[in-house]
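Taking it in order: structure first as structure tokens, then the write-up.
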Amino acid sequence: ADWLVGMNASRLYTLLLQQKGIRDVFSVGRVQTPVLKLIYDRQKEIEQFRPEPFYELEGQFTVKNGTYRGKLNKRFSSPDELYEAVRPDITKEQQTYQAVIKSVRISEKRTPAPKLHSLSTLQSKLNRTKKFSPTKVLELVQSLYEKGYVSYPRTDSQYITEEEYTYLQKHVDQYQQCLGIHVPIRSLQPSKRYVNPEKVSDHYAIIPTEKVPDTKAFETFSSDEKEVYYEILKSALAMFMTDYVYDETVIITSVGKQEFVTKGRTEKEMGWKALYQNEKDEESEGEQVAILPEVKEGESAKADISVKQGMTQPPKPYTQGQLITLMKTAGKYVEDREMKEALNQVEGLGTEATRAAIIDTLIQRRLIEVKKNQVFVTKKGEILCEAVKGTILSKPEMTAKWELFLQEIGKGNRSKEVFIEQAKKLCYALIQQASQDVERIDAKQALEEIKKENTIAPCPRCQKGYIVDRKTFYGCTEYANGCKQTFPKSILGKNITKTHVKQLCEKGKTNKIKGFKGKKTFDAYLTLQKGEIQFTFQ
């Protein structure tokens with residue numbers, strides 16, 4: 001069914017878009033296209049976002065033991081609206097007030113160690129902390145698995161059985177030596193948070209094996225393999241360690257009837273977090289934890305009140321790691337309850353083994369691009385999203401519908417023949433709908449934008465065309481109209497990159513390039529003179 005839909009839809013949209021003059025091949029699939037559309041929707045949300053100012057009331061409070069800040073838990077669209085809401089306690093003309101501490105609440109919070117890693121959580125974590133792509137993580141874990149140091153990588157489970165727990169327990173000291181740290185161990189008794197045979201199907205979580213690398217073996221690991229192995233080791237060790245414990249303090253300070261809230265945290269026991277001291281916590285990123293002076297309920301304070309202006313922020317583009325999580329949790333984008341449950345049951349779009357490959361496919365087919373670890377839809381990808389908009393192909397619901405049908409086949413209530421017939425009917429329905437959908441695309445504008453996106457720089461010779469990558473050399477788009485400007489892809493053993501060509505076109509000169517291979521190896525700048533490349537040595 002996947003093959004039928006993918007093969008027909010890819011050819012269908014390619015031919016329809018080629019009829020509109022867009023000479024390219026468009027790949028469409030049950031998983032890759034909904035993922036592309038989710039990225040596109042986020043991109044549109046960012047583009048259409050209009051920042052708006054907001055105003056908050058902040059106070060700096062001085063007490064016997066020091067100072068602290070607090071704010072009114074409400075935002076206003078203008079200073080006038082703000083002052084209207086806090087009259088008569090606070091006015092525009094006055095800045096200093098008498099305040100009183102209405103309440104001080106201290107509560108102990110405990111955070112247990114994170115669950116063990118499935119492939120998806122490992123890919124997300126290492127993309128966030130090390131900027132490794134999901135494919136790279138899979139390759140590195142696979143390499144460690146083949147060397148015998150970690151368990152099977154393509155797993156969707158975050159649990160182990162008592163058997164794995166027993167051998168991990170025996171090797172705790174060796175794992176600590178390998179990491180070069182010694183941490184307090186809380187308990188060697190298994191917890192259901194990690195050890196649960198009912199939640200282990202084909203494979204258990206990614207954990208270190210009983211084969212612990214000695215110093216000599218460890219030296220054979222690449223630096224990236226070491227990073228991955230450290231993360232898997234830490235995840236397994238954290239399971240034996242105490243909770244992260246801290247006191248959360250919430251102070252309510254009153255100025256008349258206006259209540260200012262202050263939050264702070266005092267760490268009591270690092271527990272498992274001692275393993276991750278150099279790492280920013282996902283939850284606390286961007287959050288500054290205040291250190292507060294000791295205060296008592298009923299204590300008086302001096303308040304300096306000010307208005308702070310801020311701007312609403314758009315959502316951020318997805319990272320590659322977030323795409324893995326996005327695919328896994330695609331059920332939350334589906335409204336129908338039964339379909340949402342079906343998607344959640346199969347853990348969203350794709351599988352542990354295929355999600356990284358799906359992202360790679362979208363990159364290779366130039367539907368998305370990655371810049372500084374953030375994912376963007378290309379112009380080609382945008383055209384495809386517009387073409388499939390509104391069809392079942394663009395929605396995670398298609399996977400959900402298929403999963404529900406397949407479950408019924410599994411129970412013996414439906415037949416596989418009907419399933420395949422319905423996939424064929426879907427192809428026929430797409431052929432009817434697609435030609436109407438593609439008709440509404442403004443091909444002229446799309447073509448211009450695709451051209452610009454694929455260009456390196458304006459042509460320095462004809463001033464009309466653009467220099468583009470022609471696989472074996474760089475050449476001008478106005479070649480058919482007589483412009484003969486070209487650039488080679490290598491000179492004397494050195495690759496000439498798009499950046500070099502852009503510098504030549506726009507500045508007439510590259511930065512210094514090292515290692516040209518003549519009779520002797522030499523360094524030089526390249527300059528462009530009357531369309532020809534020459535060496536310059538100063």
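Note on naming: chains are A, B, ... as they come in the structure tokens, residues start from 1 per chain, ligands start from 1 in the order shown.
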
If we count only C-alpha atoms, what is near Gly475 of chain A at a cut-off of 12 Å, once residues fewer than 4 positions away on the same chain are taken out, given as number ranges by chain? A: 455-462, 465-471, 479-480, 482-489, 498, 501, 505, 531

Next, the residues of the selection above should be written as a PDB file, in the first residue's frame with N, CA and C atoms.
ATOM      1  N   THR A 455      20.699  29.648  -6.746  1.00  0.00           N
ATOM      2  CA  THR A 455      21.808  30.402  -7.335  1.00  0.00           C
ATOM      3  C   THR A 455      22.883  30.698  -6.309  1.00  0.00           C
ATOM      4  N   ILE A 456      24.104  30.912  -6.825  1.00  0.00           N
ATOM      5  CA  ILE A 456      25.242  31.212  -5.951  1.00  0.00           C
ATOM      6  C   ILE A 456      25.447  32.721  -5.874  1.00  0.00           C
ATOM      7  N   ALA A 457      25.383  33.393  -7.036  1.00  0.00           N
ATOM      8  CA  ALA A 457      25.580  34.852  -7.085  1.00  0.00           C
ATOM      9  C   ALA A 457      25.146  35.368  -8.452  1.00  0.00           C
ATOM     10  N   PRO A 458      24.861  36.671  -8.592  1.00  0.00           N
ATOM     11  CA  PRO A 458      24.580  37.241  -9.925  1.00  0.00           C
ATOM     12  C   PRO A 458      25.813  37.085 -10.818  1.00  0.00           C
ATOM     13  N   CYS A 459      25.596  36.870 -12.104  1.00  0.00           N
ATOM     14  CA  CYS A 459      26.714  36.658 -13.033  1.00  0.00           C
ATOM     15  C   CYS A 459      27.493  37.960 -13.228  1.00  0.00           C
ATOM     16  N   PRO A 460      28.824  37.947 -13.007  1.00  0.00           N
ATOM     17  CA  PRO A 460      29.611  39.178 -13.142  1.00  0.00           C
ATOM     18  C   PRO A 460      29.824  39.597 -14.604  1.00  0.00           C
ATOM     19  N   ARG A 461      29.598  38.648 -15.557  1.00  0.00           N
ATOM     20  CA  ARG A 461      29.867  38.966 -16.963  1.00  0.00           C
ATOM     21  C   ARG A 461      28.650  39.586 -17.649  1.00  0.00           C
ATOM     22  N   CYS A 462      27.496  38.848 -17.655  1.00  0.00           N
ATOM     23  CA  CYS A 462      26.328  39.352 -18.415  1.00  0.00           C
ATOM     24  C   CYS A 462      25.413  40.234 -17.580  1.00  0.00           C
ATOM     25  N   GLY A 465      22.043  36.968 -15.776  1.00  0.00           N
ATOM     26  CA  GLY A 465      21.812  35.633 -15.212  1.00  0.00           C
ATOM     27  C   GLY A 465      22.421  35.457 -13.833  1.00  0.00           C
ATOM     28  N   TYR A 466      22.370  34.203 -13.382  1.00  0.00           N
ATOM     29  CA  TYR A 466      22.929  33.848 -12.078  1.00  0.00           C
ATOM     30  C   TYR A 466      23.851  32.655 -12.245  1.00  0.00           C
ATOM     31  N   ILE A 467      24.901  32.624 -11.426  1.00  0.00           N
ATOM     32  CA  ILE A 467      25.814  31.476 -11.448  1.00  0.00           C
ATOM     33  C   ILE A 467      25.183  30.352 -10.618  1.00  0.00           C
ATOM     34  N   VAL A 468      25.125  29.129 -11.217  1.00  0.00           N
ATOM     35  CA  VAL A 468      24.525  27.975 -10.536  1.00  0.00           C
ATOM     36  C   VAL A 468      25.473  26.780 -10.614  1.00  0.00           C
ATOM     37  N   ASP A 469      25.233  25.792  -9.773  1.00  0.00           N
ATOM     38  CA  ASP A 469      26.020  24.557  -9.760  1.00  0.00           C
ATOM     39  C   ASP A 469      25.512  23.656 -10.882  1.00  0.00           C
ATOM     40  N   ARG A 470      26.397  23.353 -11.854  1.00  0.00           N
ATOM     41  CA  ARG A 470      25.998  22.486 -12.972  1.00  0.00           C
ATOM     42  C   ARG A 470      26.666  21.115 -12.863  1.00  0.00           C
ATOM     43  N   LYS A 471      26.833  20.646 -11.645  1.00  0.00           N
ATOM     44  CA  LYS A 471      27.379  19.328 -11.304  1.00  0.00           C
ATOM     45  C   LYS A 471      28.879  19.216 -11.541  1.00  0.00           C
ATOM     46  N   TYR A 479      23.353  30.927 -20.231  1.00  0.00           N
ATOM     47  CA  TYR A 479      24.241  30.241 -21.171  1.00  0.00           C
ATOM     48  C   TYR A 479      23.602  30.127 -22.563  1.00  0.00           C
ATOM     49  N   ALA A 480      22.299  29.768 -22.594  1.00  0.00           N
ATOM     50  CA  ALA A 480      21.598  29.588 -23.879  1.00  0.00           C
ATOM     51  C   ALA A 480      21.510  30.898 -24.662  1.00  0.00           C
ATOM     52  N   GLY A 482      23.932  33.096 -24.750  1.00  0.00           N
ATOM     53  CA  GLY A 482      25.257  33.555 -25.164  1.00  0.00           C
ATOM     54  C   GLY A 482      26.258  33.833 -24.062  1.00  0.00           C
ATOM     55  N   CYS A 483      25.879  33.772 -22.759  1.00  0.00           N
ATOM     56  CA  CYS A 483      26.847  34.058 -21.685  1.00  0.00           C
ATOM     57  C   CYS A 483      27.700  32.822 -21.422  1.00  0.00           C
ATOM     58  N   LYS A 484      29.010  32.991 -21.563  1.00  0.00           N
ATOM     59  CA  LYS A 484      29.926  31.840 -21.438  1.00  0.00           C
ATOM     60  C   LYS A 484      30.693  31.823 -20.107  1.00  0.00           C
ATOM     61  N   GLN A 485      30.197  32.569 -19.096  1.00  0.00           N
ATOM     62  CA  GLN A 485      30.915  32.615 -17.808  1.00  0.00           C
ATOM     63  C   GLN A 485      30.829  31.264 -17.089  1.00  0.00           C
ATOM     64  N   THR A 486      32.000  30.700 -16.795  1.00  0.00           N
ATOM     65  CA  THR A 486      32.041  29.434 -16.039  1.00  0.00           C
ATOM     66  C   THR A 486      33.144  29.499 -14.987  1.00  0.00           C
ATOM     67  N   PHE A 487      33.055  28.605 -14.011  1.00  0.00           N
ATOM     68  CA  PHE A 487      34.087  28.451 -12.981  1.00  0.00           C
ATOM     69  C   PHE A 487      34.332  26.962 -12.793  1.00  0.00           C
ATOM     70  N   PRO A 488      35.595  26.527 -12.722  1.00  0.00           N
ATOM     71  CA  PRO A 488      35.865  25.097 -12.514  1.00  0.00           C
ATOM     72  C   PRO A 488      35.576  24.686 -11.071  1.00  0.00           C
ATOM     73  N   LYS A 489      35.440  23.370 -10.861  1.00  0.00           N
ATOM     74  CA  LYS A 489      35.177  22.873  -9.500  1.00  0.00           C
ATOM     75  C   LYS A 489      36.472  22.547  -8.758  1.00  0.00           C
ATOM     76  N   LYS A 498      31.342  26.786  -3.441  1.00  0.00           N
ATOM     77  CA  LYS A 498      30.352  27.824  -3.777  1.00  0.00           C
ATOM     78  C   LYS A 498      30.729  29.150  -3.117  1.00  0.00           C
ATOM     79  N   VAL A 501      33.287  30.875  -5.255  1.00  0.00           N
ATOM     80  CA  VAL A 501      32.657  31.439  -6.465  1.00  0.00           C
ATOM     81  C   VAL A 501      31.881  32.709  -6.111  1.00  0.00           C
ATOM     82  N   CYS A 505      32.517  36.428  -7.651  1.00  0.00           N
ATOM     83  CA  CYS A 505      31.462  37.172  -8.356  1.00  0.00           C
ATOM     84  C   CYS A 505      31.168  38.514  -7.693  1.00  0.00           C
ATOM     85  N   GLY A 531      36.570  38.067 -16.491  1.00  0.00           N
ATOM     86  CA  GLY A 531      35.908  36.763 -16.529  1.00  0.00           C
ATOM     87  C   GLY A 531      36.830  35.580 -16.355  1.00  0.00           C
TER      88      GLY A 531
END

Contacts of segment 381-390 of chain A at 8 Å (only C-alpha atoms; same-chain gap of 6+ positions) as JSON, numbers by chain: {"A": [13, 26, 33, 36, 37, 40, 366, 367, 368, 434, 437, 438, 441, 446]}

Using atom CA of Glu403 of chain A and atom CA of Ala342 of chain A as the two end points, give the distance in Å to one decimal.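 Computed distance, atom CA of Glu403 of chain A to atom CA of Ala342 of chain A, equals 6.4 Å.
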
Of the listed residues A:Asn481, A:Asn344, A:Asn127, A:Thr351, that which approaches Tyr318 of chain A most closely, counting only C-alpha atoms: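 With only C-alpha atoms as the atom set, the closest residue is A:Asn127.
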
Near Leu15 of chain A, counting only C-alpha atoms, which residues have an atom at most 12 Å away, once you skip same-chain residues fewer than 2 positions from it, shown as a PyMOL selection string? chain A and resi 8-13+17-27+431+434-435+438

Residues from last step as file, C-alpha atoms, as a PDB file, in the first residue's frame:
ATOM      1  CA  ASN A   8       1.680   6.967  -7.967  1.00  0.00           C
ATOM      2  CA  ALA A   9       1.628  10.209  -5.950  1.00  0.00           C
ATOM      3  CA  SER A  10       5.319  10.989  -6.644  1.00  0.00           C
ATOM      4  CA  ARG A  11       4.854  10.577 -10.411  1.00  0.00           C
ATOM      5  CA  LEU A  12       1.497  12.363 -10.380  1.00  0.00           C
ATOM      6  CA  TYR A  13       2.709  15.524  -8.634  1.00  0.00           C
ATOM      7  CA  LEU A  17       4.167  20.437 -11.620  1.00  0.00           C
ATOM      8  CA  GLN A  18       6.361  19.847 -14.690  1.00  0.00           C
ATOM      9  CA  GLN A  19       3.382  20.839 -16.851  1.00  0.00           C
ATOM     10  CA  LYS A  20       3.464  24.161 -15.005  1.00  0.00           C
ATOM     11  CA  GLY A  21       7.137  24.577 -15.924  1.00  0.00           C
ATOM     12  CA  ILE A  22       8.733  23.410 -12.665  1.00  0.00           C
ATOM     13  CA  ARG A  23      11.322  20.972 -14.055  1.00  0.00           C
ATOM     14  CA  ASP A  24      12.043  18.882 -10.966  1.00  0.00           C
ATOM     15  CA  VAL A  25      11.182  15.528  -9.388  1.00  0.00           C
ATOM     16  CA  PHE A  26       8.825  15.576  -6.385  1.00  0.00           C
ATOM     17  CA  SER A  27       8.842  12.732  -3.880  1.00  0.00           C
ATOM     18  CA  ILE A 431      -5.474  11.785  -9.564  1.00  0.00           C
ATOM     19  CA  ALA A 434      -4.412  16.739  -7.612  1.00  0.00           C
ATOM     20  CA  SER A 435      -4.853  18.385 -11.018  1.00  0.00           C
ATOM     21  CA  VAL A 438      -1.899  22.099  -8.616  1.00  0.00           C
TER      22      VAL A 438
END

From the list A:Asp156, A:Glu225, A:Glu164, A:Glu369, the nearest residue to Val346 of chain A using only C-alpha atoms is A:Asp156

Just list as number ranges by chain whatever in segment 296-420 of chain A DSSP marks as strand (DSSP E or B). A: 300-311, 319, 368-371, 374-377

Considering only C-alpha atoms, return as a CSV table (one decimal) with N, CA and C atoms, in the first residue's frame whatever protein or nucleic-acid residues lie within 7 Å of segment 56-64 of chain A, sequence-local ones (same chain, fewer than 6 positions apart) excluded.
chain,number,residue,atom,x,y,z
A,70,GLY,N,10.4,40.8,42.2
A,70,GLY,CA,9.1,40.1,42.0
A,70,GLY,C,8.3,40.8,41.0
A,71,LYS,N,7.3,40.1,40.4
A,71,LYS,CA,6.4,40.8,39.5
A,71,LYS,C,5.0,40.4,39.6
A,72,LEU,N,4.1,41.3,39.1
A,72,LEU,CA,2.7,41.0,39.1
A,72,LEU,C,2.4,40.0,38.0
A,74,LYS,N,0.6,39.3,35.7
A,74,LYS,CA,-0.3,39.7,34.6
A,74,LYS,C,0.4,40.6,33.6
A,75,ARG,N,0.0,40.4,32.3
A,75,ARG,CA,0.6,41.2,31.3
A,75,ARG,C,-0.5,42.2,30.8
A,76,PHE,N,0.0,43.4,30.3
A,76,PHE,CA,-1.0,44.4,29.8
A,76,PHE,C,-0.5,44.9,28.5
A,301,ALA,N,8.8,45.7,53.9
A,301,ALA,CA,9.9,45.8,52.9
A,301,ALA,C,9.7,47.2,52.2
A,302,LYS,N,10.8,47.7,51.6
A,302,LYS,CA,10.7,48.9,50.8
A,302,LYS,C,10.6,48.4,49.3
A,303,ALA,N,9.6,48.9,48.5
A,303,ALA,CA,9.4,48.5,47.2
A,303,ALA,C,9.7,49.6,46.2
A,304,ASP,N,10.6,49.3,45.2
A,304,ASP,CA,10.8,50.2,44.1
A,304,ASP,C,10.1,49.6,42.9
A,305,ILE,N,9.1,50.3,42.4
A,305,ILE,CA,8.2,49.7,41.3
A,305,ILE,C,8.6,50.3,40.0
A,306,SER,N,8.6,49.5,38.9
A,306,SER,CA,8.9,50.0,37.6
A,306,SER,C,8.1,49.1,36.6
A,307,VAL,N,7.9,49.7,35.4
A,307,VAL,CA,7.2,49.1,34.3
A,307,VAL,C,8.2,48.5,33.3
A,308,LYS,N,8.1,47.3,33.0
A,308,LYS,CA,9.1,46.7,32.0
A,308,LYS,C,8.3,46.3,30.7
A,309,GLN,N,8.9,46.7,29.6
A,309,GLN,CA,8.3,46.4,28.3
A,309,GLN,C,9.0,45.2,27.7

Using only C-alpha atoms, which of A:His171, A:Lys199, A:His117, A:Arg440 sits nearest Val228 of chain A?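 Distance minimum relative to Val228 of chain A lands on A:His117.
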
Contacts of segment 417-422 of chain A at 8 Å (only C-alpha atoms; same-chain gap of 4+ positions) as a list of chain:residue names: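 My list of contacting residues is A:Ala1, A:Phe405, A:Leu426.
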
Any idea what's packed within 8 Å of segment 240-246 of chain A, counting only C-alpha atoms, ignoring anything in its chain fewer than 3 positions away? Could you give it as a list in words? Glu108, Lys109, Arg110, Thr111, Pro112, Ala113, Val183, Pro184, Ile185, Arg186, Ser187, Leu188, Ala236, Leu237, Arg265, Thr266, Glu267, Lys268, Glu269, Met270, Gly271, Trp272 and Lys273 of chain A

Please write the residues from the selection above to a file, keeping C-alpha atoms, as a PDB file, in the first residue's frame.
ATOM      1  CA  GLU A 108      10.658  20.309  48.779  1.00  0.00           C
ATOM      2  CA  LYS A 109      10.691  19.046  45.182  1.00  0.00           C
ATOM      3  CA  ARG A 110      12.153  15.739  44.012  1.00  0.00           C
ATOM      4  CA  THR A 111      13.007  14.831  40.417  1.00  0.00           C
ATOM      5  CA  PRO A 112      13.899  11.196  39.662  1.00  0.00           C
ATOM      6  CA  ALA A 113      16.525  10.336  37.040  1.00  0.00           C
ATOM      7  CA  VAL A 183      28.912   9.099  42.570  1.00  0.00           C
ATOM      8  CA  PRO A 184      26.811   8.017  45.570  1.00  0.00           C
ATOM      9  CA  ILE A 185      24.550   5.070  44.756  1.00  0.00           C
ATOM     10  CA  ARG A 186      21.087   5.204  46.333  1.00  0.00           C
ATOM     11  CA  SER A 187      19.756   1.741  45.882  1.00  0.00           C
ATOM     12  CA  LEU A 188      20.455  -1.458  44.014  1.00  0.00           C
ATOM     13  CA  ALA A 236      22.261   3.667  33.041  1.00  0.00           C
ATOM     14  CA  LEU A 237      24.156   4.948  36.119  1.00  0.00           C
ATOM     15  CA  ARG A 265      15.302  27.509  44.221  1.00  0.00           C
ATOM     16  CA  THR A 266      17.793  26.138  46.739  1.00  0.00           C
ATOM     17  CA  GLU A 267      19.551  22.921  45.737  1.00  0.00           C
ATOM     18  CA  LYS A 268      19.762  20.401  48.584  1.00  0.00           C
ATOM     19  CA  GLU A 269      20.973  17.211  46.930  1.00  0.00           C
ATOM     20  CA  MET A 270      22.369  16.965  43.376  1.00  0.00           C
ATOM     21  CA  GLY A 271      21.675  13.210  43.153  1.00  0.00           C
ATOM     22  CA  TRP A 272      21.714  11.972  39.532  1.00  0.00           C
ATOM     23  CA  LYS A 273      22.276  15.529  38.250  1.00  0.00           C
TER      24      LYS A 273
END

One decimal, Å: what's the distance from atom CA of Glu210 of chain A over to atom CA of Val150 of chain A, could you say? 8.6 Å

Test item: residues at most 7 Å from Glu347 of chain A, only C-alpha atoms, excluding those fewer than 2 positions along its chain, as a ChimeraX atom specification: /A:328-329,343-345,349

Expected file contents, prior selection, N, CA and C atoms, as a PDB file, in the first residue's frame:
ATOM      1  N   LYS A 328       7.407  11.257  16.554  1.00  0.00           N
ATOM      2  CA  LYS A 328       6.970  10.282  17.563  1.00  0.00           C
ATOM      3  C   LYS A 328       5.648  10.704  18.207  1.00  0.00           C
ATOM      4  N   THR A 329       5.441  12.027  18.344  1.00  0.00           N
ATOM      5  CA  THR A 329       4.240  12.523  19.040  1.00  0.00           C
ATOM      6  C   THR A 329       3.239  13.152  18.066  1.00  0.00           C
ATOM      7  N   LEU A 343      -2.531   6.549  16.568  1.00  0.00           N
ATOM      8  CA  LEU A 343      -1.189   7.097  16.317  1.00  0.00           C
ATOM      9  C   LEU A 343      -0.311   7.022  17.560  1.00  0.00           C
ATOM     10  N   ASN A 344      -0.905   7.292  18.721  1.00  0.00           N
ATOM     11  CA  ASN A 344      -0.134   7.224  19.968  1.00  0.00           C
ATOM     12  C   ASN A 344       0.311   5.792  20.256  1.00  0.00           C
ATOM     13  N   GLN A 345      -0.563   4.848  19.895  1.00  0.00           N
ATOM     14  CA  GLN A 345      -0.270   3.427  20.125  1.00  0.00           C
ATOM     15  C   GLN A 345       0.952   2.975  19.320  1.00  0.00           C
ATOM     16  N   LEU A 349       4.558   8.837  13.555  1.00  0.00           N
ATOM     17  CA  LEU A 349       4.955   8.603  12.164  1.00  0.00           C
ATOM     18  C   LEU A 349       6.329   7.945  12.112  1.00  0.00           C
TER      19      LEU A 349
END

Would you mind telling me which residue in A:Arg69, A:Lys234, A:Lys316, A:Lys502 lies nearest to Asn373 of chain A when using only C-alpha atoms? A:Lys316

Using only C-alpha atoms, find the one residue out of A:Thr262, A:Gln529, A:Gln407, A:Gln277 that sits nearest to Leu504 of chain A. A:Gln529

Distance in Å - atom CA of Lys425 of chain A versus atom CA of Pro34 of chain A: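 That distance, rounded to one decimal, is 19.9 Å.
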